[in-house]
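Asker: One structure coming up, written as structure tokens, with questions to follow.
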Amino acid sequence: MTKRALLIGSQTFGLTGVNADVELMAESLSGRGFQVTVKLDGGATRAGILDAYEQLITDTRRGSTDPVVVYYSGHGGRDPFDDWADRQRRGEQSHLHYIVPFDMAATTESDYRGLLAQELSALQARLTERTHNVTTILDCCHSATMSRGATLTPKAAPRGFPTAGALSVLERLAPSHDGWDTSNRLAVRIVACDPTQSAYERDSVLGGRHGALTEQLVIALRDLGDRPVSWHWIGDRVRTRVSAELPMQRPEVEGPSDRVAFSLDSRPRAGAVPVSRQGAALTIEPAGLFGASQGDTYHLVEAGGATVAGATVTEVADDRAKLTTKPPLPDGVSAELIAIPVRTSSPRPVRLAVAENVAEPLAEKIAASPLLRVLDDGDQGDGKDEGEPPAVAIVGEAKLVIHDGSGLSINRDALPTDEAGQKTAIALAERVVKAERLRRLRSASADGQRDRLISIEFFQHDDTGRSPRDLAGVRLYPGDKISVAITNTTDTPVYVGLFDIELASKIVLLSRDQPSGWRLEPGETKVAGGTDGVALSWDDTVPDNEERLETLVVIAATEPQEFLLLETARDVVTRRGVPSSELESLLTEAVTGTRNWNAGSSTTGAPPRYSVDTIDFFLSQGSKIDLHEPAFAITELPPLSVRTAQPRGSIDAPSRAAVRLVALKVQNNKALFRATVRVDALVMTLQSDGQVVAQPFTFRFPGIQDGDLLPMDKLQLYLGDVNEFVDIAIWVNRDDTNGVDLAKLFEEAVNDNVTQGALTVIGGLVLAAPQVAVAIGTVAAAATVIRVGNQLVQAAVGKEIGLYRTSFLAFEDFGVGRQPAEGLRQAQGIEFAYEIVDISGDGRERQRSGGKL
């Protein structure tokens with residue numbers, strides 16, 4: 001048997017841990033006997049990846065059971081079609097999904113350098129024709145959303161790319177390849193997050209920077225050794241540890257997840273773990289790795305599937321869970337035994353950082369809670385080792401504050417350390433754990449695929465109506481109105497429960513008017529929040545100094561469910577008896593910390609299907625930030641998450657640059673026929689002191705006819721220092737009346753009552769003063785300048801044509817080079833090109849190349 005692995009790393013657009021990810025995976029897989037092929041940097045171009053994948057298919061023996069791994073670390077992209085909202089409502093593909101090879105920046109309308117999800121799916125299908133033992137691992141974003149945390153870098157494509165070439169690739173592929181690499185039921189797929197979520201790169205407990213998925217997957221495989229455990233079990237462990245600290249990133253295992261890792265053997269019974277035998281002694285070890293706790297009960301099963309005895313964990317010591325069987329094991333039982341869980345508890349770790357006289361009574365109360373346990377010495381108590389991260393922390397000397405897994409405190413008013421304060425602290429810690437479990441609840445699988453029963457649309461409402469928003473990472477404010485449209489996409493009735501995980505981790509059932517779930521007939525849509533939306537509010541019990549994550553969880557099932565379980569007291573739920581379904585068992589576990597794995601069968605004899613969807617958004621109590629900008633014919637802005645999570649540190653980016661318009665031609669535009677063509681431009685960047693500066697310019701070209709190339713010799717729009725970003729806006733209009741230049745208009749605007757609050761003149765340039773943290777403040781400042789500039793151009797010429805708007809970031813070398821690389825860009829009958837030139841250091845012009853723009 002030959003084990004092969006193709007490891008691809010595309011370290012572009014600000015990522016710094018991709019090559020380290022590949023090195024880490026190579027070490028892990030080599031230790032398991034894999035022959036590893038690595039493609040990095042110039043080897044990870046579109047052509048390089050395709051060639052390597054083709055070679056992998058060729059080298060894999062047809063009809064074999066040889067294990068094959070395909071791993072990718074880098075950026076992922078999710079670009080909407082122009083009519084994405086309508087496509088989404090029709091159940092059609094609404095976005096292009098792709099990975100970002102090293103040469104992605106060279107994409108043009110005729111030469112697409114991304115690798116589409118459908119292409120990956122087609123390659124994977126050909127690979128599984130050779131061997132069914134295929135595992136695909138994708139540590140990349142499927143979308144780009146907001147994140148909290150200055151050290152997090154979203155693994156999302158930094159901007160949209162020309163799609164004409166991508167559409168032609170799609171046309172050549174079979175129409176069945178739709179979605180993100182999900183059409184193959186033979187391959188196991190481990191993905192860093194859901195298609196609407198973001199994955200992150202961060203400072204790692206393993207040293208350096210790594211993708212969160214890669215870090216935790218390697219740790220899990222390292223801890224497992226050669227123990228035969230299913231991908232489902234590994235995925236649950238990785239998901240728990242990643243989402244505890246990064247609640248918006250929830251890794252998934254798709255496909256035949258009951259397979260043992262890198263094998264075609266299966267563990268069809270969920271939660272199955274291996275049993276160690278030494279003479280007559282039976283143990284589960286490491287107990288911490290498999291979550292074995294005193295009192296847990298199991299069925300012991302031979303390799304052939306026969307149950308030989310029941311077993312209970314009677315002692316946990318030295319990371320070994322001792323099993324006592326009843327009845328005793330009969331003679332002749334095979335050496336290999338598997339423990340199938342019957343009833344298990346899974347308390348989540350709590351870090352205590354309190355006064356010595358408070359630690360002991362708090363620890364006793366935690367030990368009495370089935371939801372919580374004190375962080376063990378082997379756990380990750382300080383964030384510096386590889387153990388399990390705490391789900392919650394109780395900190396403080398004279399007063400107690402409760403922190404969630406991401407480090408945010410959930411109580412504004414600190415609690416006293418007396419008996420009453422300790423009990424309240426424990427109750428809040430339990431609330432955090434319940435919320436964490438509900439957030440990471442995953443959909444059931446059907447035939448290797450996640451079973452989707454409904455479609456979700458998330459809307460924000462204002463005076464103009466409702467607008468669709470992303471399902472993850474939107475920033476909202478108290479008073480903003482939202483609604484959620486839930487549509488049954490099956491041919492059978494479904495029952496929907498809608499939960500709100502509020503800012504203080506409190507779980508509220510929003511569908512409590514029908515506690516068993518809103519019944520939706522096939523094709524029926526339920527709009528929660530109504531036609532006008534429902535207003536959001538801030539919970540005054542939590543601090544208001546930082547924005548907070550709020551999550552809506554939508555659970556759909558083919559049978560009525562006891563959705564009120566999550567609002568029921570723990571002791572009441574404990575007395576209810578055996579849950580009626582797997583879903584009810586999971587909901588009960590969220591409340592009690594104990595799971596009964598023998599969930600009863602449904603009335604129809606088949607287990608009910610269910611699916612889980614989440615909507616994550618940030619609620620901010622700060623000043624509302626207006627990021628709205630006027631429409632331009634071409635807008636090429638990076639996602640907000642990328643613009644506000646720019647990598648800091650040693651980035652080899654230009655310190656000075658020139659921005660020049662190199663060509664502009666009017667084609668078939670009657671409004672400009674034989675007219676004076678006016679070109680207005682704004683170039684913005686950040687000064688070293690954190691102030692946003694903008695340089696406005698106006699140029700006129702008289703007597704221009706259709707088809708004329710405007711007489712210019714690299715018209716200079718900006719020359720000077722650049723830092724963090726370079727923003728460009730260009731307007732083109734007819735200006736026979738010789739209106740006032742844009743720079744003069746800005747000077748006058750500063751003294752106008754309408755705009756003087758937004759703009760200040762500093763050194764002859766325009767400054768939009770940030771009012772919030774620099775990351776968001778700079779984006780808001782740029783948006784303010786663009787809005788004002790658009791109004792001023794309109795006032796000067798009676799109308800305005802916003803031609804072009806973009807922003808280049810430091811890790812993109814501020815866009816150094818010609819844009820586009822060849823030919824002219826076209827919009828509204830106008831063709832143009834510009835260039836950004838590096839003039840750092842000695843002032844000589846430089847061009848850049850490689851995996852950057």
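Just remember, in the structure tokens the first chain shown is A, the second B, etc., residues are 1-based per chain, and ligands are 1-based in the order shown.
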List as number ranges by chain the protein and nucleic acid residues near range 5-14 of chain A, meaning an atom at most 8 Å away when only C-alpha atoms are counted, but skip any in the same chain fewer than 5 places from it.

Answerer: A: 19, 21-22, 25-26, 29, 34-41, 44, 49, 52-53, 56, 68-75, 100-102, 157-158, 646-647, 811-812, 851-852

Asker: Per DSSP on the backbone, what are the strand (DSSP E or B) residues of range 466-641 of chain A, as a compact mmCIF listing (two decimals) with C-alpha atoms, in the first residue's frame?

Answerer:
```txt
# COMPACT_ATOMS: atom_id res chain seq x y z
CA ARG A 466 -35.05 45.68 3.23
CA SER A 467 -31.62 44.66 1.95
CA PRO A 468 -30.11 41.15 1.99
CA ARG A 469 -27.02 40.78 4.22
CA ALA A 472 -21.89 35.97 8.97
CA GLY A 473 -19.92 38.98 10.15
CA VAL A 474 -22.23 41.94 9.50
CA ARG A 475 -21.82 44.88 11.90
CA LEU A 476 -25.13 46.21 13.27
CA LYS A 481 -34.02 46.34 12.28
CA ILE A 482 -33.57 42.82 10.95
CA SER A 483 -35.66 39.90 9.70
CA VAL A 484 -34.99 36.31 8.71
CA ALA A 485 -36.79 34.49 5.89
CA ILE A 486 -36.86 30.69 6.31
CA THR A 487 -38.04 28.56 3.38
CA ASN A 488 -38.76 24.84 3.39
CA VAL A 494 -40.52 20.69 8.47
CA TYR A 495 -40.60 22.11 12.00
CA VAL A 496 -38.35 25.10 12.65
CA GLY A 497 -36.99 26.41 15.94
CA LEU A 498 -35.35 29.84 15.95
CA PHE A 499 -32.98 30.66 18.82
CA ASP A 500 -31.22 33.89 19.69
CA ILE A 501 -27.90 33.61 21.55
CA ILE A 507 -30.43 31.55 24.88
CA VAL A 508 -33.92 32.72 23.93
CA LEU A 509 -36.38 30.68 21.84
CA TRP A 518 -43.01 26.48 13.27
CA ARG A 519 -44.56 24.06 10.80
CA LEU A 520 -43.61 24.92 7.21
CA THR A 525 -41.60 30.74 3.76
CA LYS A 526 -41.73 32.07 7.33
CA VAL A 527 -40.46 35.61 7.89
CA ALA A 528 -39.31 36.09 11.47
CA VAL A 534 -37.55 43.89 14.52
CA ALA A 535 -35.21 46.34 16.28
CA ARG A 548 -20.32 41.67 20.71
CA LEU A 549 -21.20 38.60 18.72
CA GLU A 550 -24.89 37.71 18.57
CA THR A 551 -26.00 34.50 16.89
CA LEU A 552 -29.33 33.32 15.52
CA VAL A 553 -29.54 29.53 15.33
CA VAL A 554 -32.14 28.00 13.02
CA ILE A 555 -32.88 24.30 13.57
CA ALA A 556 -35.19 22.50 11.17
CA ALA A 557 -36.43 18.92 11.66
CA THR A 594 -24.90 14.78 29.71
CA ARG A 595 -25.74 12.93 26.52
CA ASN A 596 -27.93 9.85 26.23
CA TYR A 610 -32.58 17.81 10.85
CA SER A 611 -30.36 20.69 9.78
CA VAL A 612 -28.72 23.56 11.63
CA ASP A 613 -27.96 27.01 10.24
CA THR A 614 -26.48 30.05 11.97
CA ILE A 615 -26.52 33.80 11.41
CA ASP A 616 -23.63 35.56 13.15
CA PHE A 617 -23.50 39.33 13.41
CA PHE A 618 -21.68 41.86 15.54
CA LEU A 619 -23.62 44.36 17.61
CA ILE A 634 -16.58 49.85 -11.43
CA THR A 635 -16.02 49.22 -7.70
CA GLU A 636 -13.15 46.95 -6.68
```

Asker: Run DSSP on the backbone of this structure and report the residues of range 430-498 of chain A it assigns to helix (DSSP H, G or I), as a ChimeraX atom specification.

Answerer: /A:430-439

Asker: As number ranges by chain, please: the residues near Asp66 in chain A (cut-off 6 Å, only C-alpha atoms, same-chain neighbours under 3 positions excluded).

Answerer: A: 1-3

Asker: For Pro654 in chain A, please output as a count of residues only all residues within 8 Å (counting only C-alpha atoms; exclusion window: fewer than 5 positions along the same chain).

Answerer: 7

Asker: May I have the residues within 12 Å of Leu441 in chain A as a list of chain:residue names, using only C-alpha atoms and disregarding those fewer than 4 positions away in the same chain?

Answerer: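 The residues satisfying every condition are A:Asp236, A:Arg239, A:Thr240, A:Ser243, A:Pro247, A:Arg250, A:Pro251, A:Glu252, A:Lys434, A:Ala435, A:Glu436, A:Arg437, A:Val553, A:Val554, A:Ile555, A:Glu582, A:Leu583, A:Glu584, A:Ser585, A:Leu586, A:Leu587, A:Glu589, A:Ala590, A:Tyr610, A:Ser611, A:Val612, A:Asp613, A:Thr614.
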
Asker: At a cut-off of 8 Å, using only C-alpha atoms, what residues contact Glu629 in chain A? Leave out same-chain residues fewer than 6 positions from it and give the result as a list in words.

Answerer: Ala783, Thr784, Ile786 and Arg787 of chain A

Asker: Check the smallest atom-to-atom distance from each of A:Met684, A:Leu170, A:Leu640, A:Ala631 to Pro154 in chain A using only C-alpha atoms, then report the winner.

Answerer: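 The closest residue to Pro154 in chain A is A:Leu640.
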
Asker: My list of candidates is A:Val354, A:Ala444, A:Val333, A:Val275. Which is closest to Ser257 in chain A when distances are computed with only C-alpha atoms?

Answerer: A:Ala444

Asker: A:Ala306, A:Gly288, A:Thr297, A:Val677: which is nearest Lys326 in chain A, counting only C-alpha atoms?

Answerer: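 Of all the options, A:Thr297 lies closest to Lys326 in chain A.
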
Asker: Excluding range 207-214 of chain A and any residue of its chain fewer than 6 positions from it, enumerate the residues within 8 Å of it, using only C-alpha atoms, and give them as a count of residues only.

Answerer: 15
